Each structure stands twice: as C-alpha cells, then as structure tokens.
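Quick look at work_11.txt (compact mmCIF, C-alpha atoms):
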# COMPACT_ATOMS: atom_id res chain seq x y z
CA MET U 1 -3.33 -16.82 -32.22
CA ASN U 2 -5.48 -19.14 -30.08
CA GLU U 3 -5.37 -19.17 -26.29
CA GLN U 4 -3.28 -22.36 -26.02
CA LYS U 5 -0.49 -20.87 -28.15
CA ILE U 6 -0.64 -17.60 -26.19
CA LEU U 7 -0.50 -19.49 -22.91
CA LYS U 8 2.53 -21.57 -23.97
CA ILE U 9 4.41 -18.34 -24.67
CA LEU U 10 3.34 -16.78 -21.37
CA ILE U 11 4.26 -19.90 -19.38
CA GLY U 12 7.69 -20.10 -21.03
CA GLU U 13 8.41 -16.45 -20.28
CA PHE U 14 7.21 -16.86 -16.71
CA LEU U 15 9.53 -19.81 -16.08
CA ASP U 16 12.49 -17.85 -17.47
CA ARG U 17 11.65 -14.89 -15.23
CA LEU U 18 11.19 -17.11 -12.17
CA ASN U 19 14.63 -18.65 -12.69
CA LEU U 20 16.21 -15.20 -13.03
CA ILE U 21 14.74 -13.68 -9.90
CA LYS U 22 14.57 -16.58 -7.43
CA GLN U 23 17.92 -15.59 -5.89
CA LYS U 24 17.02 -11.89 -5.69
CA ILE U 25 13.64 -11.91 -3.94
CA ILE U 26 13.49 -10.11 -0.59
CA THR U 27 11.09 -11.98 1.68
CA ARG U 28 8.31 -9.55 2.51
CA ASP U 29 6.79 -9.05 5.95
CA PHE U 30 3.42 -10.11 4.52
CA SER U 31 1.77 -13.42 3.85
CA PHE U 32 -1.51 -14.58 2.41
CA PRO U 33 -3.89 -15.91 5.08
CA LYS U 34 -3.98 -19.67 5.45
CA ALA U 35 -7.47 -20.34 4.16
CA GLU U 36 -7.50 -22.74 1.21
CA ASP U 37 -11.20 -22.30 0.51
CA LYS U 38 -10.90 -18.51 0.11
CA ILE U 39 -9.76 -16.44 -2.87
CA LYS U 40 -6.65 -14.51 -1.76
CA VAL U 41 -6.28 -10.92 -2.99
CA ALA U 42 -3.09 -8.82 -2.79
CA ILE U 43 -3.85 -5.13 -3.18
CA GLY U 44 -1.66 -2.04 -3.31
CA MET U 45 -0.17 0.72 -5.42
CA ARG U 46 1.62 -0.15 -8.65
CA ARG U 47 5.31 -0.96 -8.23
CA SER U 48 4.91 -1.63 -4.51
CA GLY U 49 6.00 -5.24 -4.94
CA LYS U 50 2.78 -7.21 -5.48
CA THR U 51 4.18 -9.25 -8.36
CA TYR U 52 7.35 -10.18 -6.45
CA PHE U 53 5.20 -11.03 -3.45
CA VAL U 54 3.30 -13.44 -5.72
CA TYR U 55 6.60 -14.90 -7.00
CA GLN U 56 7.57 -15.40 -3.35
CA GLN U 57 4.41 -17.47 -2.79
CA ILE U 58 5.01 -19.51 -5.96
CA LEU U 59 8.63 -20.26 -5.06
CA ASP U 60 7.52 -21.34 -1.60
CA MET U 61 4.99 -23.72 -3.18
CA ILE U 62 7.63 -25.20 -5.50
CA ASN U 63 10.51 -25.45 -3.01
CA ASN U 64 8.81 -26.16 0.31
CA LYS U 65 5.44 -27.67 -0.57
CA LYS U 66 6.79 -29.57 -3.60
CA ILE U 67 3.91 -28.54 -5.85
CA PRO U 68 4.69 -29.27 -9.53
CA LEU U 69 5.05 -26.21 -11.76
CA SER U 70 2.52 -27.72 -14.15
CA ARG U 71 -0.21 -27.13 -11.55
CA ILE U 72 0.62 -23.41 -11.18
CA LEU U 73 -0.68 -20.80 -13.60
CA TYR U 74 0.56 -17.19 -13.55
CA ILE U 75 -0.82 -14.51 -15.90
CA ASN U 76 -0.03 -10.80 -15.78
CA PHE U 77 -2.95 -8.81 -17.17
CA GLU U 78 -0.77 -5.74 -17.67
CA ASP U 79 0.64 -7.55 -20.73
CA ASP U 80 -0.56 -5.58 -23.77
CA ARG U 81 -0.38 -8.70 -25.95
CA LEU U 82 -3.50 -9.93 -24.17
CA LEU U 83 -5.59 -6.95 -25.27
CA PRO U 84 -8.52 -6.66 -25.67
CA LEU U 85 -9.34 -8.10 -22.25
CA ASP U 86 -12.76 -9.30 -21.23
CA ARG U 87 -14.26 -12.13 -19.22
CA ASN U 88 -14.33 -14.45 -22.28
CA LYS U 89 -10.57 -14.01 -22.81
CA LEU U 90 -9.96 -14.70 -19.11
CA ALA U 91 -12.10 -17.85 -19.16
CA LYS U 92 -10.46 -19.16 -22.34
CA LEU U 93 -6.96 -18.64 -20.92
CA ILE U 94 -7.77 -20.61 -17.78
CA GLU U 95 -9.50 -23.33 -19.80
CA ALA U 96 -6.43 -23.49 -22.07
CA PHE U 97 -4.31 -24.20 -18.98
CA TYR U 98 -6.39 -27.31 -18.28
CA SER U 99 -6.23 -28.30 -21.95
CA LEU U 100 -2.41 -28.07 -21.92
CA TYR U 101 -2.27 -30.19 -18.75
CA PRO U 102 -5.37 -32.48 -18.84
CA GLU U 103 -4.19 -34.31 -15.71
CA ASN U 104 -4.88 -31.10 -13.76
CA HIS U 105 -8.60 -31.82 -13.92
CA ASP U 106 -7.88 -34.46 -11.26
CA HIS U 107 -5.54 -32.36 -9.11
CA LYS U 108 -5.62 -29.17 -7.12
CA CYS U 109 -4.27 -26.22 -9.13
CA TYR U 110 -3.08 -22.75 -8.18
CA LEU U 111 -4.08 -19.74 -10.25
CA PHE U 112 -2.16 -16.46 -9.86
CA LEU U 113 -3.81 -13.65 -11.79
CA ASP U 114 -1.88 -10.37 -11.63
CA GLU U 115 -3.60 -6.94 -12.00
CA ILE U 116 -6.97 -8.62 -12.45
CA GLN U 117 -8.84 -5.28 -12.42
CA ASN U 118 -7.80 -4.81 -16.06
CA VAL U 119 -10.22 -7.57 -17.09
CA GLU U 120 -13.79 -6.40 -17.51
CA ASP U 121 -16.32 -8.43 -15.48
CA TRP U 122 -13.54 -10.59 -14.02
CA PRO U 123 -15.48 -11.62 -10.85
CA ILE U 124 -17.99 -13.66 -12.88
CA VAL U 125 -15.26 -15.94 -14.23
CA ILE U 126 -13.29 -16.13 -10.98
CA ARG U 127 -16.42 -17.10 -9.05
CA ARG U 128 -17.21 -19.88 -11.53
CA PHE U 129 -13.75 -21.45 -11.39
CA HIS U 130 -13.59 -21.09 -7.62
CA ASP U 131 -16.92 -22.86 -7.20
CA SER U 132 -16.50 -25.54 -9.87
CA LYS U 133 -12.80 -26.50 -9.82
CA ASN U 134 -10.35 -27.76 -7.24
CA THR U 135 -8.33 -24.55 -7.29
CA GLU U 136 -6.73 -22.06 -4.96
CA ILE U 137 -6.96 -18.61 -6.55
CA PHE U 138 -4.64 -15.65 -5.90
CA LEU U 139 -5.38 -12.21 -7.35
CA THR U 140 -3.54 -8.90 -7.31
CA GLY U 141 -4.90 -5.46 -8.08
CA SER U 142 -3.97 -1.78 -8.01
CA SER U 143 -7.32 -0.47 -6.84
CA ALA U 144 -8.68 -0.42 -3.30
CA LYS U 145 -12.10 -1.05 -4.84
CA LEU U 146 -10.99 -4.67 -5.02
CA LEU U 147 -11.08 -4.57 -1.24
CA SER U 148 -14.56 -3.17 -1.09
CA LYS U 149 -17.17 -2.82 -3.83
CA GLU U 150 -16.03 -5.40 -6.37
CA ILE U 151 -15.17 -8.07 -3.83
CA ALA U 152 -18.11 -7.47 -1.52
CA THR U 153 -20.70 -7.44 -4.29
CA SER U 154 -19.27 -10.05 -6.67
CA LEU U 155 -17.30 -12.58 -4.64
CA ARG U 156 -19.72 -12.52 -1.68
CA GLY U 157 -17.56 -13.69 1.19
CA ARG U 158 -15.36 -15.92 -0.92
CA SER U 159 -12.19 -13.80 -0.57
CA LEU U 160 -9.62 -12.46 1.90
CA ALA U 161 -7.43 -9.45 1.15
CA THR U 162 -3.84 -8.56 2.00
CA GLU U 163 -2.51 -5.02 1.48
CA ILE U 164 0.97 -4.81 -0.04
CA TRP U 165 2.96 -1.67 0.73
CA PRO U 166 6.40 -0.43 -0.34
CA TYR U 167 9.21 -1.61 1.94
CA SER U 168 8.89 -0.77 5.61
CA PHE U 169 12.11 0.38 7.28
CA HIS U 170 12.63 -3.21 8.47
CA GLU U 171 12.27 -4.55 4.92
CA TYR U 172 14.45 -1.72 3.57
CA MET U 173 17.24 -2.85 5.91
CA LYS U 174 16.80 -6.45 4.73
CA ALA U 175 17.08 -5.27 1.12
CA LYS U 176 20.30 -3.42 2.03
CA ASN U 177 21.65 -6.43 4.03
CA ILE U 178 21.71 -4.36 7.23
CA SER U 179 21.03 -6.04 10.57
CA PHE U 180 21.65 -5.30 14.25
CA GLU U 181 21.27 -7.02 17.59
CA LYS U 182 18.33 -5.44 19.44
CA GLY U 183 19.87 -6.30 22.79
CA LEU U 184 22.98 -4.30 21.90
CA PHE U 185 21.74 -0.78 21.12
CA ASP U 186 24.98 1.10 21.80
CA LYS U 187 25.93 4.52 20.40
CA LYS U 188 27.63 3.01 17.35
CA THR U 189 24.53 0.96 16.46
CA GLN U 190 22.27 3.94 17.06
CA ASP U 191 24.36 6.19 14.79
CA HIS U 192 24.40 3.60 11.99
CA LEU U 193 20.64 3.05 12.23
CA THR U 194 19.94 6.79 12.34
CA LYS U 195 21.96 7.32 9.17
CA THR U 196 20.18 4.39 7.47
CA PHE U 197 16.79 5.77 8.50
CA HIS U 198 17.65 9.18 7.03
CA ASN U 199 18.50 7.35 3.79
CA TYR U 200 15.14 5.57 3.98
CA LEU U 201 13.33 8.89 4.35
CA THR U 202 15.06 10.07 1.18
CA GLU U 203 14.91 6.91 -0.95
CA GLY U 204 11.65 5.44 0.29
CA GLY U 205 10.57 1.83 0.08
CA PHE U 206 9.63 1.16 -3.54
CA PRO U 207 11.68 -1.98 -4.30
CA GLU U 208 12.90 -0.95 -7.76
CA VAL U 209 14.36 2.47 -6.99
CA ASN U 210 16.84 1.75 -4.20
CA LYS U 211 19.52 0.65 -6.65
CA TYR U 212 19.54 3.97 -8.54
CA ASP U 213 21.28 7.30 -7.99
CA ALA U 214 19.24 10.21 -6.66
CA ASP U 215 18.43 11.86 -10.01
CA VAL U 216 17.28 8.61 -11.66
CA ARG U 217 15.36 7.56 -8.54
CA GLN U 218 13.54 10.89 -8.47
CA ARG U 219 12.52 10.58 -12.12
CA ILE U 220 11.29 7.01 -11.63
CA LEU U 221 9.18 7.96 -8.60
CA GLN U 222 7.69 10.90 -10.47
CA GLU U 223 6.84 8.51 -13.31
CA TYR U 224 5.10 6.21 -10.80
CA ILE U 225 2.72 9.05 -9.98
CA ASP U 226 2.07 9.67 -13.69
CA ILE U 227 1.39 5.95 -14.34
CA VAL U 228 -1.06 5.70 -11.43
CA LEU U 229 -2.69 8.95 -12.52
CA LEU U 230 -3.17 7.65 -16.07
CA ARG U 231 -4.03 3.99 -15.53
CA ASP U 232 -5.80 3.89 -12.17
CA ILE U 233 -7.49 7.29 -12.08
CA ILE U 234 -7.96 8.89 -15.52
CA GLU U 235 -8.57 5.73 -17.59
CA ARG U 236 -10.42 3.82 -14.87
CA HIS U 237 -12.79 6.67 -14.01
CA LYS U 238 -12.87 8.29 -17.47
CA ILE U 239 -11.68 11.69 -16.23
CA LYS U 240 -11.07 14.45 -18.74
CA ASN U 241 -9.38 17.09 -16.54
CA SER U 242 -6.08 15.28 -15.88
CA SER U 243 -4.17 18.46 -14.96
CA LEU U 244 -6.57 19.20 -12.10
CA VAL U 245 -6.28 15.67 -10.68
CA LYS U 246 -2.48 15.83 -10.83
CA TYR U 247 -2.49 19.23 -9.12
CA MET U 248 -4.64 17.71 -6.37
CA ILE U 249 -2.28 14.74 -6.00
CA LEU U 250 0.75 17.01 -5.67
CA SER U 251 -1.08 19.30 -3.23
CA MET U 252 -1.96 16.33 -1.02
CA ILE U 253 1.58 14.92 -1.11
CA HIS U 254 3.01 18.37 -0.26
CA ASN U 255 0.74 18.41 2.81
CA VAL U 256 1.72 15.11 4.44
CA SER U 257 0.99 15.03 8.17
CA ASN U 258 -1.04 18.25 7.83
CA PRO U 259 -4.80 18.96 7.77
CA PHE U 260 -6.36 19.12 4.32
CA THR U 261 -9.88 20.27 3.48
CA ILE U 262 -11.71 20.15 0.17
CA ASN U 263 -13.27 23.52 0.95
CA LYS U 264 -9.90 25.24 1.35
CA PHE U 265 -8.52 23.50 -1.72
CA TYR U 266 -11.59 24.52 -3.73
CA ASN U 267 -11.07 28.17 -2.79
CA GLU U 268 -7.40 27.89 -3.74
CA LEU U 269 -8.39 26.52 -7.16
CA LYS U 270 -10.90 29.33 -7.68
CA SER U 271 -8.19 31.91 -6.99
CA LYS U 272 -6.01 30.24 -9.64
CA GLY U 273 -8.80 30.26 -12.24
CA TYR U 274 -9.73 26.55 -12.15
CA LYS U 275 -13.39 25.77 -12.78
CA THR U 276 -14.72 22.79 -10.86
CA SER U 277 -17.11 21.84 -8.06
CA LYS U 278 -16.60 20.57 -4.53
CA ASP U 279 -18.47 17.36 -5.37
CA ILE U 280 -15.98 16.61 -8.15
CA LEU U 281 -13.06 17.31 -5.80
CA TYR U 282 -14.49 14.88 -3.24
CA GLU U 283 -14.69 12.26 -6.02
CA TYR U 284 -11.08 12.94 -7.06
CA ALA U 285 -9.91 12.58 -3.44
CA ASP U 286 -11.64 9.16 -3.30
CA TYR U 287 -9.97 8.11 -6.56
CA ILE U 288 -6.53 9.17 -5.28
CA GLU U 289 -6.97 7.17 -2.09
CA ASP U 290 -8.41 4.25 -4.05
CA ALA U 291 -5.19 4.16 -6.09
CA TYR U 292 -3.06 4.13 -2.90
CA LEU U 293 -1.27 7.43 -3.60
CA ALA U 294 -2.43 9.40 -0.56
CA PHE U 295 -4.68 8.75 2.42
CA SER U 296 -6.91 10.82 4.68
CA VAL U 297 -7.25 10.35 8.43
CA PRO U 298 -10.40 11.70 10.16
CA ILE U 299 -10.58 13.16 13.64
CA PHE U 300 -11.52 10.86 16.53
CA ASP U 301 -14.87 12.08 17.87
CA LYS U 302 -18.06 10.43 19.08
CA SER U 303 -20.02 12.99 17.09
CA ILE U 304 -20.34 11.81 13.47
CA ARG U 305 -21.01 15.40 12.39
CA LYS U 306 -17.78 16.67 13.96
CA ALA U 307 -15.82 13.77 12.49
CA GLN U 308 -17.13 14.64 9.02
CA THR U 309 -16.76 18.43 9.24
CA ASN U 310 -13.29 18.63 10.81
CA PRO U 311 -10.25 18.64 8.50
CA LYS U 312 -8.65 15.31 7.70
CA LYS U 313 -4.91 14.75 7.95
CA ILE U 314 -3.09 13.59 4.82
CA TYR U 315 -0.41 10.91 4.46
CA ALA U 316 1.39 9.63 1.37
CA ILE U 317 2.16 6.11 0.18
CA ASP U 318 5.91 6.45 0.70
CA PRO U 319 8.48 8.97 2.00
CA GLY U 320 10.48 8.62 -1.23
CA ILE U 321 7.46 9.78 -3.25
CA VAL U 322 7.21 12.86 -1.00
CA ARG U 323 10.89 13.69 -1.46
CA ALA U 324 10.63 13.17 -5.22
CA VAL U 325 8.01 15.90 -5.68
CA THR U 326 9.14 18.44 -3.08
CA LEU U 327 12.15 20.73 -3.47
CA ASN U 328 13.28 20.60 0.13
CA TYR U 329 11.85 18.51 2.95
CA ASP U 330 14.95 18.50 5.15
CA GLY U 331 13.48 21.24 7.34
CA ASP U 332 10.49 19.09 8.26
CA LEU U 333 11.76 15.56 8.68
CA GLY U 334 9.39 15.18 11.62
CA LYS U 335 6.43 15.15 9.23
CA LEU U 336 8.09 12.45 7.12
CA PHE U 337 8.76 10.45 10.29
CA GLU U 338 5.08 10.79 11.22
CA ASN U 339 4.17 9.59 7.71
CA VAL U 340 6.37 6.50 8.24
CA ILE U 341 4.59 5.72 11.52
CA TYR U 342 1.21 6.07 9.78
CA LEU U 343 2.29 3.56 7.11
CA ASP U 344 3.57 1.13 9.74
CA LEU U 345 0.23 1.31 11.57
CA ARG U 346 -1.56 0.59 8.29
CA ARG U 347 0.75 -2.39 7.71
CA LEU U 348 -0.25 -3.66 11.15
CA GLY U 349 -3.91 -3.47 10.12
CA CYS U 350 -4.90 -0.66 12.50
CA LYS U 351 -7.86 1.67 12.10
CA ILE U 352 -6.44 5.19 12.49
CA ASN U 353 -7.74 8.59 13.62
CA TYR U 354 -6.17 11.72 15.04
CA TYR U 355 -7.46 13.59 18.09
CA LEU U 356 -7.72 17.13 19.45
CA THR U 357 -7.79 17.53 23.23
CA SER U 358 -10.02 20.01 25.00
CA GLU U 359 -7.05 22.41 24.99
CA ARG U 360 -6.54 21.88 21.24
CA TYR U 361 -3.42 19.76 21.58
CA GLU U 362 -3.15 17.40 18.64
CA ILE U 363 -2.64 13.68 19.16
CA ASP U 364 -1.13 12.18 16.02
CA PHE U 365 -2.69 8.72 16.03
CA VAL U 366 -5.57 7.14 17.93
CA ILE U 367 -5.66 3.54 16.78
CA LYS U 368 -7.77 0.42 17.04
CA THR U 369 -5.84 -2.79 16.45
CA PRO U 370 -7.23 -5.78 14.50
CA LYS U 371 -7.88 -7.38 17.93
CA GLY U 372 -9.96 -4.39 19.01
CA GLN U 373 -7.46 -2.82 21.43
CA GLN U 374 -7.25 0.98 21.57
CA LYS U 375 -4.13 3.06 22.03
CA PHE U 376 -2.75 6.40 20.92
CA PHE U 377 0.67 7.61 19.83
CA GLN U 378 2.42 10.95 19.82
CA VAL U 379 5.31 11.13 17.33
CA VAL U 380 8.38 13.19 18.30
CA TRP U 381 11.25 13.56 15.83
CA ASN U 382 13.67 15.50 18.06
CA ALA U 383 13.45 14.26 21.64
CA ASP U 384 16.40 16.48 22.59
CA ASP U 385 14.24 19.58 22.13
CA LYS U 386 13.06 19.79 25.75
CA LYS U 387 10.38 22.40 25.09
CA THR U 388 8.81 20.34 22.27
CA PHE U 389 9.05 17.09 24.24
CA ALA U 390 7.40 18.69 27.29
CA ARG U 391 4.54 19.97 25.11
CA GLU U 392 3.98 16.53 23.57
CA LYS U 393 4.10 14.91 27.02
CA ARG U 394 1.52 17.42 28.26
CA ALA U 395 -0.73 16.57 25.31
CA LEU U 396 -0.30 12.85 25.98
CA ASN U 397 -1.24 13.17 29.67
CA LEU U 398 -4.33 15.24 28.86
CA ALA U 399 -5.45 12.81 26.14
CA GLU U 400 -5.07 9.84 28.50
CA LYS U 401 -7.45 11.55 30.95
CA GLU U 402 -9.98 12.44 28.25
CA LEU U 403 -9.92 9.23 26.23
CA LYS U 404 -9.35 6.81 29.13
CA ILE U 405 -6.92 4.82 27.02
CA LYS U 406 -3.16 4.30 27.11
CA GLY U 407 -0.85 6.64 25.20
CA GLU U 408 2.79 6.44 24.18
CA ILE U 409 5.39 8.78 22.71
CA ILE U 410 7.35 7.40 19.75
CA THR U 411 10.77 8.99 19.34
CA LEU U 412 13.29 8.21 16.62
CA GLU U 413 15.46 6.39 19.16
CA SER U 414 12.59 4.27 20.50
CA TYR U 415 11.40 3.50 16.96
CA LEU U 416 14.84 2.37 15.78
CA GLN U 417 15.31 0.17 18.83
CA GLU U 418 11.84 -1.25 19.39
CA GLY U 419 9.56 -0.35 16.47
CA ILE U 420 5.89 0.22 17.36
CA ASN U 421 4.42 -1.43 20.44
CA LEU U 422 0.69 -2.06 20.09
CA SER U 423 0.24 -3.72 23.48

Would you write the structure of this file as structure tokens?
Amino acid sequence: MNEQKILKILIGEFLDRLNLIKQKIITRDFSFPKAEDKIKVAIGMRRSGKTYFVYQQILDMINNKKIPLSRILYINFEDDRLLPLDRNKLAKLIEAFYSLYPENHDHKCYLFLDEIQNVEDWPIVIRRFHDSKNTEIFLTGSSAKLLSKEIATSLRGRSLATEIWPYSFHEYMKAKNISFEKGLFDKKTQDHLTKTFHNYLTEGGFPEVNKYDADVRQRILQEYIDIVLLRDIIERHKIKNSSLVKYMILSMIHNVSNPFTINKFYNELKSKGYKTSKDILYEYADYIEDAYLAFSVPIFDKSIRKAQTNPKKIYAIDPGIVRAVTLNYDGDLGKLFENVIYLDLRRLGCKINYYLTSERYEIDFVIKTPKGQQKFFQVVWNADDKKTFAREKRALNLAEKELKIKGEIITLESYLQEGINLS
C-alpha cells in the first residue's frame, strides 16, 4: 500500500476519533509556547495525556483560529500498521499529505507527529520540513532524551519543549467536576477537599484510570509500568536483564520521598544473588528517569563533590502508581503528599534540591523558579501533631539562617486552600 492510501486511512480514522472525543477533553493546565518559528515538543510518560493534549491544540485551531482541517496532519507513530519506521517512511508520509492537498504548498500547515521517537533518524526529516516549508511542527515523545541529546544535537535551537504530566490535583478535580470558592474555605469545604485529595492519593492522575474500580485501576497502572519497561527501557536501550531493571523500578517507587543510593542497592542485589555492576545500575537509573517513571533529587550544596556523593531522594511519576505497587501506604501518606508537592514543583518548571542543615535537619525542597528566584519548602502532612510541627518549624528557621533565603511550610490545609506559593 502506498503512502497516499495509508494516509487517507489514517486521516479518516483521526477525524472519527476527533469527533468522538471533542466533548470529553479536559483542558490541561499546560500550553505550547507561542513561538511559531519553533518546533514544539510535548514530552512525558506514556499514558500521561500527551495525545489528548495534542487533540486539545488541534480543536483550538479548528474552533477558535478557524484553521481548515485539510491543513492539519496528525500521525501516531505507535500505530503498528506503519512498521517498519524509518526516516524515508516519515518523509513519504508528510509528502503524501501535500500530494493529497496540493493547495497546501501555498498555505501554512500544521504537523502533529505523536511518539516521534519511534522513527529512526527522525530529526533529519523534521529539520528539512521545518526549514523548507511553511509549517508549524508539533512533536510528542515518551523519552526525556527528546528534551536533551536528540533535540540539542539535531534540531539545534529550533525547538521548545513542554513536559506533560498526569493530572495535578487541580486537573483531577476538573476531571471529577469538583470546584470550590477559594474565598469560602469553611469546614464543610475543607472536609470535602480533604476527602477528594485522599482519593487523588489513591487513584493518581493518569487520565484513563479514574473511571475504573480499584482492582481494574491497579492492574492498568501496573501494566503502564510494564509497557514503559518494555518499550522505553528494554527495547530502546537493548537491555537483556529485564527482571533486574523491573526490580530497580519497584525498589525506587517503594522508596518515594526517601534517600536512595546505588551503592546500597548494589549491596542489596549482591545479597540476593544478582550479578551486576554499579556502572550498569547507574545506567539503569538514568533510563528509568529518562522514561519518566521515577526521579532523583540531589542535595543542595556548594560543593560539587558533596552533591554527587550524598544520597539522592526519590520521587515517582504519580501517587496512583505508588499505591498500585505497594501493599499498604496508608501509614505513610505524608510521603505521598511530599511526592505530590515534588510533582507540582516540576509542573511549575522549578529546579529542585533537598537540603541538610548543620544540625542534620532535612529540608524537603530547595527550589529555583524559572525566573531565577530561590525558596525552600518543608512539607507537613499532619499539622495537628504539635511535636512534629515544632520540629519542622525549627528546621525551617535554621535553614533560613544558613541559606539566607525564604522558607515556607506547606500543610495539607494550606495546600488545599492556596496551592504552592512561589513568590
């Protein structure tokens, strides 16, 4: 089948899908930057909502900017009917789009290419069309390498990236049609929001799973891990020891909001009879973070050596993922709450570290905002525990003296009422 026939089928299916979902899309708290001369890239873990985010952009173009559908091309490169994928197939598909609509040679067109990392040598083709055609190009990918190596070396300043995450608590409430008046934070509102937040900690923010019962949701989230493990780690990096990588993923997710060291994990593996090396484990940790499953946060220290040798703290992509692979997390909801704050800070584009005071008090997050402002946060789940709250306040006061920057305690009540204040 030639590319024009393939494209006709794909376009027809896309139009059917767009008509089906246009009433169901939850508007995300993200947007592509307004820069027509740049290639826009949406990056994030599989199933986090990148495709629906792209549909949101397309519907906005059609409904608000009145762009004809014939000038919009959408291709999902997860479609197995397109295999084998290479740069020639990609180029022929885009050229077929112009052959189907010859008038587009004289108009600006919009190319949406989903999961582009599946196409070998894709940057060569994208660069050519970006430089030679009147097009605005939008890409999505499930590998953080699209944010760094591949973009930096191949697109050379031509692109801007947007990270797409599972629903934040704010988006989760939108999806559940829950709203409240911030100026009226009475006990009834607080109780309703607290219950909803507990549900969010259990269900998480992956868009697909919130409509399912607990047992089905848990199975789906576990399958998400397996899909990422297979497609974005094992296949992408040609890894043979899949059981070891999965064990590492689960170990990291079980340790959210806790320190994690490769050295300690290596010794644990040795005691269990695994044969590997620390260098390989460091590579695996990079692959896991690259695939957006788990993230490491280094200590804040002026000494590069100390920053590299101290343990890093671990956070997971979503609280629902954590609950899906742990038997009981109810006894440590504070760590899940801390994980939620970490994800919110990432959504806000902050650079994140943790800090140890001279008296070894831990400060959860020392951040630098996209505007260059510095601040730190201490996360407290149970503000009614006076002993715990006093300890966290003591840590905050000491850190303010040592770091010479402003600190703030985030409690569940303050978070539900005000969110995170970066100013």

Point out the residue among U:Asp186, U:Asp191, U:Asp86, U:Glu78 with the least atom-to-atom distance to Thr140 of chain U, counting all atoms listed in the file.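 Looking only at the distances to Thr140 of chain U, the closest residue turns out to be U:Glu78.
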
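If you measure from each of U:Leu398, U:Leu333, U:Ile253, U:Val297 to Asp364 of chain U using all atoms listed in the file, the closest one turns out to be U:Val297.
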
Could you give me, as a PyMOL selection string, the residues within 8 Å of segment 36-49 of chain U, counting all atoms listed in the file and dropping anything in the same chain fewer than 2 positions from it? chain U and resi 32-34+51-53+130+136-144+146-147+158-167+206-208+224+228+291-293

Show me as a PyMOL selection string the residues that reach within 12 Å of (-7.7, -3.8, 18.0), counting only C-alpha atoms and using the file's own coordinates. chain U and resi 345+348-352+366-376+422-423

Using only C-alpha atoms, the residue out of U:Ser99, U:Asn76, U:Asn2, U:Thr153 with shortest distance to Asp114 of chain U is U:Asn76

If we count all atoms listed in the file, what is near Lys174 of chain U at a cut-off of 12 Å, once residues fewer than 3 positions away on the same chain are taken out, given as a CSV table (one decimal) with C-alpha atoms, keeping the file's coordinate frame?
chain,number,residue,atom,x,y,z
U,24,LYS,CA,17.0,-11.9,-5.7
U,25,ILE,CA,13.6,-11.9,-3.9
U,26,ILE,CA,13.5,-10.1,-0.6
U,27,THR,CA,11.1,-12.0,1.7
U,28,ARG,CA,8.3,-9.6,2.5
U,29,ASP,CA,6.8,-9.0,6.0
U,167,TYR,CA,9.2,-1.6,1.9
U,168,SER,CA,8.9,-0.8,5.6
U,169,PHE,CA,12.1,0.4,7.3
U,170,HIS,CA,12.6,-3.2,8.5
U,171,GLU,CA,12.3,-4.6,4.9
U,177,ASN,CA,21.6,-6.4,4.0
U,178,ILE,CA,21.7,-4.4,7.2
U,179,SER,CA,21.0,-6.0,10.6
U,180,PHE,CA,21.6,-5.3,14.2
U,196,THR,CA,20.2,4.4,7.5
U,205,GLY,CA,10.6,1.8,0.1
U,207,PRO,CA,11.7,-2.0,-4.3

Starting from the incomplete input, reconstruct N, CA and C atoms of segment 343-358 of chain U and report them as an mmCIF file, in the coordinates of the input.
data_model
loop_
_atom_site.group_PDB
_atom_site.id
_atom_site.type_symbol
_atom_site.label_atom_id
_atom_site.label_comp_id
_atom_site.auth_asym_id
_atom_site.auth_seq_id
_atom_site.Cartn_x
_atom_site.Cartn_y
_atom_site.Cartn_z
ATOM 1 N N LEU U 343 2.215 4.716 8.009
ATOM 2 C CA LEU U 343 2.290 3.560 7.110
ATOM 3 C C LEU U 343 2.517 2.271 7.878
ATOM 4 N N ASP U 344 3.343 2.328 8.926
ATOM 5 C CA ASP U 344 3.570 1.130 9.740
ATOM 6 C C ASP U 344 2.278 0.694 10.432
ATOM 7 N N LEU U 345 1.502 1.658 10.923
ATOM 8 C CA LEU U 345 0.230 1.310 11.570
ATOM 9 C C LEU U 345 -0.738 0.698 10.567
ATOM 10 N N ARG U 346 -0.731 1.203 9.336
ATOM 11 C CA ARG U 346 -1.560 0.590 8.290
ATOM 12 C C ARG U 346 -1.085 -0.835 8.004
ATOM 13 N N ARG U 347 0.222 -1.039 7.947
ATOM 14 C CA ARG U 347 0.750 -2.390 7.710
ATOM 15 C C ARG U 347 0.307 -3.353 8.800
ATOM 16 N N LEU U 348 0.161 -2.826 10.011
ATOM 17 C CA LEU U 348 -0.250 -3.660 11.150
ATOM 18 C C LEU U 348 -1.767 -3.859 11.193
ATOM 19 N N GLY U 349 -2.480 -3.263 10.228
ATOM 20 C CA GLY U 349 -3.910 -3.470 10.120
ATOM 21 C C GLY U 349 -4.751 -2.623 11.053
ATOM 22 N N CYS U 350 -4.190 -1.503 11.540
ATOM 23 C CA CYS U 350 -4.900 -0.660 12.500
ATOM 24 C C CYS U 350 -5.878 0.294 11.810
ATOM 25 N N LYS U 351 -6.970 0.568 12.480
ATOM 26 C CA LYS U 351 -7.860 1.670 12.100
ATOM 27 C C LYS U 351 -7.319 2.924 12.768
ATOM 28 N N ILE U 352 -7.207 4.031 12.017
ATOM 29 C CA ILE U 352 -6.440 5.190 12.490
ATOM 30 C C ILE U 352 -7.280 6.465 12.448
ATOM 31 N N ASN U 353 -7.189 7.240 13.539
ATOM 32 C CA ASN U 353 -7.740 8.590 13.620
ATOM 33 C C ASN U 353 -6.691 9.504 14.260
ATOM 34 N N TYR U 354 -6.929 10.801 14.197
ATOM 35 C CA TYR U 354 -6.170 11.720 15.040
ATOM 36 C C TYR U 354 -7.139 12.332 16.045
ATOM 37 N N TYR U 355 -6.607 13.085 17.021
ATOM 38 C CA TYR U 355 -7.460 13.590 18.090
ATOM 39 C C TYR U 355 -7.020 14.990 18.502
ATOM 40 N N LEU U 356 -7.991 15.821 18.854
ATOM 41 C CA LEU U 356 -7.720 17.130 19.450
ATOM 42 C C LEU U 356 -8.244 17.136 20.878
ATOM 43 N N THR U 357 -7.369 17.466 21.834
ATOM 44 C CA THR U 357 -7.790 17.530 23.230
ATOM 45 C C THR U 357 -8.645 18.776 23.458
ATOM 46 N N SER U 358 -9.192 18.861 24.657
ATOM 47 C CA SER U 358 -10.020 20.010 25.000
ATOM 48 C C SER U 358 -9.239 21.318 24.949
#
